[in-house]
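Shown next: start-v3.tsv, given as TSV, C-alpha atoms and all ligand atoms.
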chain	number	residue	atom	x	y	z
Y	10	MET	CA	15.72	-20.78	4.56
Y	11	GLN	CA	13.95	-17.48	4.03
Y	12	ASP	CA	13.08	-15.26	6.95
Y	13	ASN	CA	9.31	-15.15	7.30
Y	14	THR	CA	9.13	-12.78	10.27
Y	15	THR	CA	6.05	-10.56	9.98
Y	16	PHE	CA	5.34	-7.08	11.34
Y	17	ARG	CA	2.96	-8.75	13.80
Y	18	ASP	CA	5.93	-10.81	15.07
Y	19	LEU	CA	7.86	-7.56	15.60
Y	20	GLY	CA	4.94	-6.08	17.56
Y	21	ILE	CA	4.16	-3.46	14.89
Y	22	PRO	CA	1.14	-4.91	13.06
Y	23	PHE	CA	-0.52	-3.50	9.92
Y	24	SER	CA	-4.02	-4.73	9.10
Y	25	LEU	CA	-3.32	-4.47	5.35
Y	26	PHE	CA	0.17	-6.05	5.38
Y	27	ASP	CA	0.36	-9.63	6.64
Y	28	ALA	CA	3.38	-10.79	4.62
Y	29	PRO	CA	7.02	-11.30	5.61
Y	30	VAL	CA	8.81	-8.08	6.59
Y	31	ARG	CA	11.43	-8.73	3.89
Y	32	LEU	CA	8.69	-8.02	1.30
Y	33	ALA	CA	8.09	-4.47	2.57
Y	34	SER	CA	9.89	-2.00	0.35
Y	35	SER	CA	10.47	0.80	2.86
Y	36	TYR	CA	11.24	-0.92	6.18
Y	37	THR	CA	14.70	0.09	7.45
Y	38	GLY	CA	14.95	-1.83	10.73
Y	39	LYS	CA	15.59	0.11	13.93
Y	40	GLU	CA	16.68	3.67	13.21
Y	41	ARG	CA	16.27	7.17	14.54
Y	42	CYS	CA	12.89	8.70	13.63
Y	43	ASP	CA	13.34	12.08	11.93
Y	44	LEU	CA	9.90	13.25	13.07
Y	45	CYS	CA	9.79	12.45	16.81
Y	46	GLU	CA	13.58	11.90	17.14
Y	47	LYS	CA	13.13	8.63	19.00
Y	48	GLN	CA	16.20	6.36	18.70
Y	49	ASP	CA	16.17	2.66	17.83
Y	50	ALA	CA	12.59	2.68	16.62
Y	51	HIS	CA	11.16	0.38	13.94
Y	52	SER	CA	11.29	2.77	10.98
Y	53	PHE	CA	10.34	3.25	7.36
Y	54	ARG	CA	12.02	5.39	4.71
Y	55	LEU	CA	9.91	7.94	2.88
Y	56	GLY	CA	10.55	8.30	-0.85
Y	57	ILE	CA	9.36	10.17	-3.91
Y	58	GLY	CA	5.64	10.89	-3.75
Y	59	ASP	CA	5.37	10.21	-0.02
Y	60	ASP	CA	4.19	12.90	2.36
Y	61	ILE	CA	4.97	14.29	5.78
Y	62	ILE	CA	1.91	15.63	7.59
Y	63	ALA	CA	2.09	18.36	10.22
Y	64	PRO	CA	-0.59	20.56	11.81
Y	65	CYS	CA	-0.99	24.11	10.52
Y	66	VAL	CA	0.40	26.56	13.11
Y	67	ALA	CA	-2.53	28.92	12.51
Y	68	CYS	CA	-5.60	26.67	12.39
Y	69	GLY	CA	-4.37	23.21	13.39
Y	70	GLU	CA	-5.57	21.44	10.23
Y	71	PRO	CA	-3.15	18.87	8.78
Y	72	VAL	CA	-0.81	20.13	6.05
Y	73	ALA	CA	0.95	17.74	3.63
Y	74	PHE	CA	4.56	18.24	2.50
Y	75	ASP	CA	6.43	16.38	-0.25
Y	76	ALA	CA	8.84	14.19	1.73
Y	77	ASP	CA	11.54	14.40	-0.94
Y	78	GLU	CA	11.39	18.17	-1.42
Y	79	PRO	CA	12.12	20.22	1.69
Y	80	ARG	CA	10.13	23.35	0.89
Y	81	PRO	CA	7.19	25.18	2.44
Y	82	SER	CA	3.59	24.23	1.79
Y	83	HIS	CA	0.27	26.01	2.23
Y	84	CYS	CA	-2.55	25.08	4.56
Y	85	SER	CA	-5.55	24.11	2.41
Y	86	SER	CA	-7.94	25.42	5.08
Y	87	CYS	CA	-6.58	28.88	5.92
Y	88	ASP	CA	-3.82	29.33	3.29
Y	89	THR	CA	-1.15	30.11	5.89
Y	90	GLU	CA	2.33	29.22	4.68
Y	91	ALA	CA	3.77	26.30	6.62
Y	92	SER	CA	7.48	25.60	6.78
Y	93	PHE	CA	8.90	22.14	6.14
Y	94	PRO	CA	8.64	20.32	9.47
Y	95	VAL	CA	11.97	18.43	9.35
Y	96	SER	CA	15.38	20.07	9.52
Y	97	LYS	CA	17.12	17.57	7.33
Y	98	SER	CA	17.69	16.96	3.65
Y	99	GLY	CA	17.88	13.55	2.09
Y	100	ASP	CA	16.16	10.35	3.18
Y	101	ILE	CA	13.64	10.82	5.96
Y	102	ASN	CA	12.95	7.96	8.38
Y	103	VAL	CA	9.63	7.73	10.15
Y	104	CYS	CA	8.93	5.38	13.04
Y	105	TYR	CA	5.94	3.06	13.27
Y	106	GLU	CA	4.16	5.23	15.86
Y	107	CYS	CA	4.52	8.41	13.79
Y	108	LEU	CA	3.32	6.60	10.65
Y	109	ARG	CA	0.32	5.12	12.43
Y	110	GLU	CA	-0.54	8.46	14.05
Y	111	GLY	CA	-0.74	10.01	10.60
Y	112	ARG	CA	2.44	12.11	10.64
Y	113	ALA	CA	3.56	10.53	7.36
Y	114	ALA	CA	1.83	8.91	4.39
Y	115	PHE	CA	2.99	6.61	1.61
Y	116	THR	CA	1.69	6.96	-1.92
Y	117	GLN	CA	0.22	3.63	-2.99
Y	118	ASP	CA	-1.09	2.22	-6.26
Y	119	THR	CA	-4.30	0.23	-6.40
Y	120	GLU	CA	-6.40	-1.40	-9.09
Y	121	PHE	CA	-8.60	1.72	-8.87
Y	122	GLY	CA	-5.67	4.11	-9.31
Y	123	MET	CA	-3.07	5.86	-7.19
Y	124	VAL	CA	-3.84	6.94	-3.65
Y	125	ARG	CA	-1.86	9.78	-2.18
Y	126	TYR	CA	-2.55	11.40	1.19
Y	127	GLU	CA	-4.78	14.08	-0.36
Y	128	ASP	CA	-6.78	11.40	-2.24
Y	129	ALA	CA	-7.21	9.44	0.99
Y	130	VAL	CA	-8.54	12.54	2.77
Y	131	ARG	CA	-11.06	13.12	-0.07
Y	132	GLY	CA	-12.09	9.46	-0.11
Y	133	LEU	CA	-11.49	9.23	-3.85
Y	134	THR	CA	-8.80	7.35	-5.80
Y	135	HIS	CA	-6.77	9.23	-8.41
Y	136	GLY	CA	-8.46	7.05	-11.03
Y	137	VAL	CA	-7.56	5.03	-14.11
Y	138	PRO	CA	-8.37	5.89	-17.74
Y	139	GLY	CA	-11.16	3.65	-19.03
Y	140	LEU	CA	-11.55	1.80	-15.72
Y	141	SER	CA	-14.69	-0.29	-15.47
Y	142	VAL	CA	-15.81	-1.27	-11.98
Y	143	SER	CA	-19.10	-2.44	-10.58
Y	144	GLY	CA	-20.40	-2.10	-7.05
Y	145	TYR	CA	-18.61	1.19	-6.36
Y	146	GLU	CA	-19.59	4.80	-6.89
Y	147	THR	CA	-17.33	6.39	-9.47
Y	148	ILE	CA	-16.69	9.82	-10.94
Y	149	LEU	CA	-15.42	10.52	-14.45
Y	150	ASN	CA	-12.94	13.39	-14.19
Y	151	GLU	CA	-12.23	15.94	-16.92
Y	152	ASP	CA	-9.25	13.93	-18.22
Y	153	GLY	CA	-11.46	10.88	-18.76
Y	154	TRP	CA	-10.11	9.02	-15.76
Y	155	ARG	CA	-12.60	7.02	-13.74
Y	156	GLN	CA	-12.11	7.74	-10.02
Y	157	VAL	CA	-13.58	5.50	-7.34
Y	158	ASN	CA	-15.22	6.57	-4.08
Y	159	VAL	CA	-13.74	4.63	-1.17
Y	160	PRO	CA	-14.33	5.68	2.46
Y	161	SER	CA	-11.57	7.96	3.66
Y	162	ASN	CA	-10.73	5.81	6.69
Y	163	ILE	CA	-9.96	2.84	4.39
Y	164	LEU	CA	-7.68	4.89	2.14
Y	165	LEU	CA	-5.97	6.50	5.15
Y	166	GLU	CA	-5.24	3.01	6.47
Y	167	LEU	CA	-3.59	2.24	3.12
Y	168	VAL	CA	-1.30	5.30	3.12
Y	169	ARG	CA	-0.25	4.37	6.68
Y	170	THR	CA	0.87	0.92	5.45
Y	171	PRO	CA	4.25	0.16	3.82
Y	172	SER	CA	4.34	-0.75	0.13
Y	173	PHE	CA	5.47	-4.21	-0.92
Y	174	VAL	CA	8.42	-5.13	-3.12
Y	175	THR	CA	7.51	-5.68	-6.79
Y	176	TRP	CA	9.15	-5.64	-10.18
Y	177	GLN	CA	6.71	-3.27	-11.86
Y	178	GLY	CA	4.85	-1.60	-9.05
Y	179	GLU	CA	2.37	-2.52	-6.36
Y	180	ARG	CA	-1.33	-2.73	-7.09
Y	181	TRP	CA	-3.52	-3.18	-4.02
Y	182	LEU	CA	-6.72	-5.11	-4.71
Y	183	PHE	CA	-10.25	-4.61	-3.37
Y	184	CYS	CA	-12.97	-7.00	-2.18
Y	185	CYS	CA	-16.24	-6.46	-0.29
Y	186	ASN	CA	-15.97	-2.65	-0.64
Y	187	ASP	CA	-12.66	-2.67	1.21
Y	188	LEU	CA	-8.96	-2.95	0.54
Y	189	MET	CA	-7.57	-6.45	0.84
Y	190	THR	CA	-4.64	-7.47	3.06
Y	191	TYR	CA	-1.39	-8.22	1.21
Y	192	VAL	CA	-0.23	-11.70	2.28
Y	193	GLY	CA	2.88	-12.18	0.14
Y	194	GLU	CA	4.25	-13.95	-2.93
Y	195	TRP	CA	2.63	-17.30	-3.66
Y	196	GLN	CA	4.15	-20.48	-5.03
Y	197	GLN	CA	2.58	-23.91	-5.46
Y	198	ALA	CA	2.82	-24.76	-1.77
Y	199	ASP	CA	0.95	-21.59	-0.83
Y	200	PHE	CA	-1.98	-22.40	-3.14
Y	201	SER	CA	-2.12	-25.90	-1.64
Y	202	ARG	CA	-1.99	-24.58	1.93
Y	203	GLN	CA	-4.74	-22.03	1.31
Y	204	ALA	CA	-7.10	-24.29	-0.67
Y	205	LYS	CA	-9.96	-25.31	1.62
Y	206	ASP	CA	-9.93	-28.88	0.27
Y	207	GLY	CA	-6.14	-28.99	-0.14
Y	208	ASP	CA	-6.45	-28.88	-3.93
Y	209	GLY	CA	-3.95	-26.14	-4.75
Y	210	GLN	CA	-4.21	-26.70	-8.47
Y	211	ALA	CA	-7.96	-26.06	-8.41
Y	212	LEU	CA	-7.43	-22.85	-6.41
Y	213	PHE	CA	-4.75	-21.80	-8.90
Y	214	ALA	CA	-7.16	-22.43	-11.79
Y	215	GLN	CA	-9.84	-20.39	-10.02
Y	216	LEU	CA	-7.68	-17.39	-9.02
Y	217	CYS	CA	-5.26	-17.29	-11.95
Y	218	SER	CA	-7.63	-17.09	-14.86
Y	219	GLY	CA	-9.62	-14.62	-16.85
Y	220	GLU	CA	-8.73	-11.61	-18.86
Y	221	GLY	CA	-5.18	-10.36	-18.44
Y	222	TRP	CA	-3.86	-13.59	-17.00
Y	223	THR	CA	-0.76	-15.09	-18.62
Y	224	ASP	CA	-0.31	-18.56	-19.99
Y	225	TRP	CA	1.54	-19.78	-16.92
Y	226	SER	CA	0.38	-23.22	-15.95
Y	227	TRP	CA	0.30	-24.91	-12.55
Y	228	ASP	CA	3.38	-26.91	-13.55
Y	229	SER	CA	5.27	-23.78	-14.55
Y	230	LEU	CA	5.00	-22.54	-10.95
Y	231	ARG	CA	7.37	-25.29	-9.92
Y	232	THR	CA	10.07	-25.04	-12.56
Y	233	ASP	CA	11.70	-21.95	-14.03
Y	234	PHE	CA	8.79	-19.79	-12.97
Y	235	PRO	CA	9.26	-16.55	-14.93
Y	236	GLY	CA	7.32	-14.25	-12.64
Y	237	VAL	CA	5.78	-13.52	-9.27
Y	238	ILE	CA	2.23	-13.92	-7.98
Y	239	TYR	CA	1.20	-11.37	-5.33
Y	240	ALA	CA	-1.62	-12.59	-3.08
Y	241	PHE	CA	-4.27	-10.75	-1.05
Y	242	ARG	CA	-6.89	-11.84	1.49
Y	243	CYS	CA	-10.24	-10.14	1.98
Y	244	ARG	CA	-10.73	-8.68	5.46
Y	245	THR	CA	-14.46	-9.56	5.30
Y	246	CYS	CA	-15.09	-12.74	3.28
Y	247	GLU	CA	-11.51	-14.08	3.62
Y	248	THR	CA	-11.29	-15.18	-0.01
Y	249	HIS	CA	-8.08	-14.55	-1.90
Y	250	ARG	CA	-7.27	-12.60	-5.04
Y	251	VAL	CA	-3.92	-12.43	-6.85
Y	252	TYR	CA	-2.14	-10.62	-9.65
Y	253	TRP	CA	1.05	-11.42	-11.46
Y	254	ASP	CA	4.17	-9.57	-12.52
Y	255	CYS	CA	7.35	-10.34	-14.41
Y	256	ASP	CA	10.52	-8.45	-15.24
R	1	ZN	ZN	8.57	8.94	15.28
R	2	ZN	ZN	-4.40	26.51	8.50
R	3	ZN	ZN	-14.44	-10.15	0.19

C-alpha cells encoding of this file:
Amino acid sequence: MQDNTTFRDLGIPFSLFDAPVRLASSYTGKERCDLCEKQDAHSFRLGIGDDIIAPCVACGEPVAFDADEPRPSHCSSCDTEASFPVSKSGDINVCYECLREGRAAFTQDTEFGMVRYEDAVRGLTHGVPGLSVSGYETILNEDGWRQVNVPSNILLELVRTPSFVTWQGERWLFCCNDLMTYVGEWQQADFSRQAKDGDGQALFAQLCSGEGWTDWSWDSLRTDFPGVIYAFRCRTCETHRVYWDCD
C-alpha cells in the first residue's frame, strides 16, 4: 500500500502541488531550517539552480544567491555587495514558512521554458527554441528562444513550490493563462476516477493523444507499462492535462 499523504494532510499546503508527498523531489521531512534555524520544521532541500533570497543591507531589495555556491552576490537595485546569508556549506534545508515567505526559490521547468527566481520576478519564462504558443504574449530573444509573459505572482508561486519526481525532468503545464496544479502519476484507475462519466478509456483517448504522444494504448497502462503519466488539473476550468515520460 503506497502512502498517499499530501502536503495538505501535513498542514503545509501548496496550491500547485496536490499530489502525494512521496512524489515531491526535495521534501526532507522534519529538519532544522538553515535560514530561520527553527528545529523540527517541515523542510525542503535546495539543490543546483535553486536560490536563497535575502534583503539587501543597503536598500532592502531582495537579492538572490545560488544555493549551491556560497559566495557573495550583488544587489540588482543599488549594486551593493551582499554576503552569502547562510553560514554553512553543503545541502541547505529551508522550512515551509521560509519557502512560502520567499526566502528561497526552486528552479522549475515548464512547457514554456525554465523559470528561475529572476525569471519569476520579471514575469517572463526563460523560453524554448522554436516554441509555438497561442493565447500568450511572447518575446523572441536574441538567441531565437521564444519567451512567454506570465504574471509574476503566478511564476513566484511556482518557484515557492517543490518540484516533483520524474525520470527526465519536470515540465509544469499551463491552462487558462495560469499554471496547473500537479496532481500525481496516473494509472488506469485514476483516469476512470477522474472521468466525469466514469469512462476512463475515453478520457485517456482524449488526454493522451496528438503530436508527441507515444503509442501506448489503454491496455498497456495495465500491464508492463513502460513509462509514467504525470497529471495536472487547471485551477480555473478544472480540466486535466498530462504528459508522459520513460527511462
Ligand atoms: Zn525557516
Ligand atoms: Zn540594494
Ligand atoms: Zn483551464

Can you tell me which residues sit at most 7 Å away from ligand ZN 1 (chain R), counting all atoms listed in the file, written as a compact mmCIF listing (two decimals) with C-alpha atoms, in the frame of the given file?
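Result saved to pocket22.txt:
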# COMPACT_ATOMS: atom_id res chain seq x y z
CA CYS Y 42 12.89 8.70 13.63
CA ASP Y 43 13.34 12.08 11.93
CA LEU Y 44 9.90 13.25 13.07
CA CYS Y 45 9.79 12.45 16.81
CA GLU Y 46 13.58 11.90 17.14
CA LYS Y 47 13.13 8.63 19.00
CA VAL Y 103 9.63 7.73 10.15
CA CYS Y 104 8.93 5.38 13.04
CA TYR Y 105 5.94 3.06 13.27
CA GLU Y 106 4.16 5.23 15.86
CA CYS Y 107 4.52 8.41 13.79

Residues of chain Y at most 12 Å from ligand ZN 3 (chain R): nearest atom pair and distance in Å, all atoms listed in the file, as a tab-separated table:
residue	atom	partner	partner_atom	distance
Y:Leu182	CA	R:ZN3	ZN	10.4
Y:Phe183	CA	R:ZN3	ZN	7.8
Y:Cys184	CA	R:ZN3	ZN	4.2
Y:Cys185	CA	R:ZN3	ZN	4.1
Y:Asn186	CA	R:ZN3	ZN	7.7
Y:Asp187	CA	R:ZN3	ZN	7.8
Y:Leu188	CA	R:ZN3	ZN	9.1
Y:Met189	CA	R:ZN3	ZN	7.8
Y:Thr190	CA	R:ZN3	ZN	10.6
Y:Phe241	CA	R:ZN3	ZN	10.3
Y:Arg242	CA	R:ZN3	ZN	7.8
Y:Cys243	CA	R:ZN3	ZN	4.6
Y:Arg244	CA	R:ZN3	ZN	6.6
Y:Thr245	CA	R:ZN3	ZN	5.1
Y:Cys246	CA	R:ZN3	ZN	4.1
Y:Glu247	CA	R:ZN3	ZN	6.0
Y:Thr248	CA	R:ZN3	ZN	5.9
Y:His249	CA	R:ZN3	ZN	8.0
Y:Arg250	CA	R:ZN3	ZN	9.2

Please give me, as an mmCIF file with C-alpha atoms, in the frame of the given file, the residues lying within 7 Å of ligand ZN 2 (chain R) when counting all atoms listed in the file.
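Wrote it out as out-v9.cif, contents follow:
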data_model
loop_
_atom_site.group_PDB
_atom_site.id
_atom_site.type_symbol
_atom_site.label_atom_id
_atom_site.label_comp_id
_atom_site.auth_asym_id
_atom_site.auth_seq_id
_atom_site.Cartn_x
_atom_site.Cartn_y
_atom_site.Cartn_z
ATOM 1 C CA CYS Y 65 -0.990 24.110 10.520
ATOM 2 C CA VAL Y 66 0.400 26.560 13.110
ATOM 3 C CA ALA Y 67 -2.530 28.920 12.510
ATOM 4 C CA CYS Y 68 -5.600 26.670 12.390
ATOM 5 C CA GLY Y 69 -4.370 23.210 13.390
ATOM 6 C CA GLU Y 70 -5.570 21.440 10.230
ATOM 7 C CA CYS Y 84 -2.550 25.080 4.560
ATOM 8 C CA SER Y 85 -5.550 24.110 2.410
ATOM 9 C CA SER Y 86 -7.940 25.420 5.080
ATOM 10 C CA CYS Y 87 -6.580 28.880 5.920
ATOM 11 C CA ASP Y 88 -3.820 29.330 3.290
ATOM 12 C CA THR Y 89 -1.150 30.110 5.890
#

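Remark: for Arg41 in chain Y, the closest of the candidate residues Y:Ile148, Y:Ala129, Y:Ile238, Y:Ile101 is Y:Ile101 (distances computed over all atoms listed in the file).
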
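If you look at CA of Ala73 in chain Y and CA of Asp49 in chain Y, they are 25.7 Å away from each other.
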
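Distances to Ile163 in chain Y were evaluated for Y:Glu179, Y:Asp256, Y:Asp128, Y:Glu194 using only C-alpha atoms, and the minimum falls at Y:Asp128.
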
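Interatomic distance, CA of His135 in chain Y to CA of Ala114 in chain Y: 15.4 Å.
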
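The shell of residues at most 12 Å from Asn13 in chain Y, with only C-alpha atoms counted and near chain neighbours (fewer than 5 positions) removed, consists of Asp18, Leu19, Asp27, Ala28, Pro29, Val30, Arg31, Leu32, Ala33, Val192, Gly193 and Glu194 of chain Y.
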
Go ahead and find all residues with at least one atom no further than 9 Å from (7.9, -5.1, 12.4) in the file's coordinates, using only C-alpha atoms; report them as a CSV table (one decimal) with C-alpha atoms, keeping the file's coordinate frame.
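Written output follows (result_32.csv):
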chain,number,residue,atom,x,y,z
Y,14,THR,CA,9.1,-12.8,10.3
Y,15,THR,CA,6.0,-10.6,10.0
Y,16,PHE,CA,5.3,-7.1,11.3
Y,17,ARG,CA,3.0,-8.8,13.8
Y,18,ASP,CA,5.9,-10.8,15.1
Y,19,LEU,CA,7.9,-7.6,15.6
Y,20,GLY,CA,4.9,-6.1,17.6
Y,21,ILE,CA,4.2,-3.5,14.9
Y,22,PRO,CA,1.1,-4.9,13.1
Y,23,PHE,CA,-0.5,-3.5,9.9
Y,30,VAL,CA,8.8,-8.1,6.6
Y,36,TYR,CA,11.2,-0.9,6.2
Y,38,GLY,CA,15.0,-1.8,10.7
Y,51,HIS,CA,11.2,0.4,13.9
Y,52,SER,CA,11.3,2.8,11.0
Y,105,TYR,CA,5.9,3.1,13.3

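The coordinates place CA of Phe173 in chain Y at 18.5 Å from CA of Asp100 in chain Y.
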
- Out of Y:Phe121, Y:Tyr191, Y:Phe115, Y:Trp181, which residue has the shortest atom-to-atom distance to Leu165 in chain Y when counting all atoms listed in the file? Y:Phe115

- Which residue gives the smallest distance to Glu120 in chain Y among Y:Leu140, Y:Ser82, Y:Asp228, Y:Leu108, with only C-alpha atoms counted? Y:Leu140

- Message: At a cut-off of 10 Å, using all atoms listed in the file, what residues contact Ser229 in chain Y? Leave out same-chain residues fewer than 6 positions from it and give the result as a list in words.
- Response: Gln197, Pro235 and Gly236 of chain Y

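Each of Y:Val95, Y:Ala113, Y:Cys255, Y:Ala240 was checked against Trp225 in chain Y using only C-alpha atoms; the smallest atom-to-atom distance is that of Y:Cys255.
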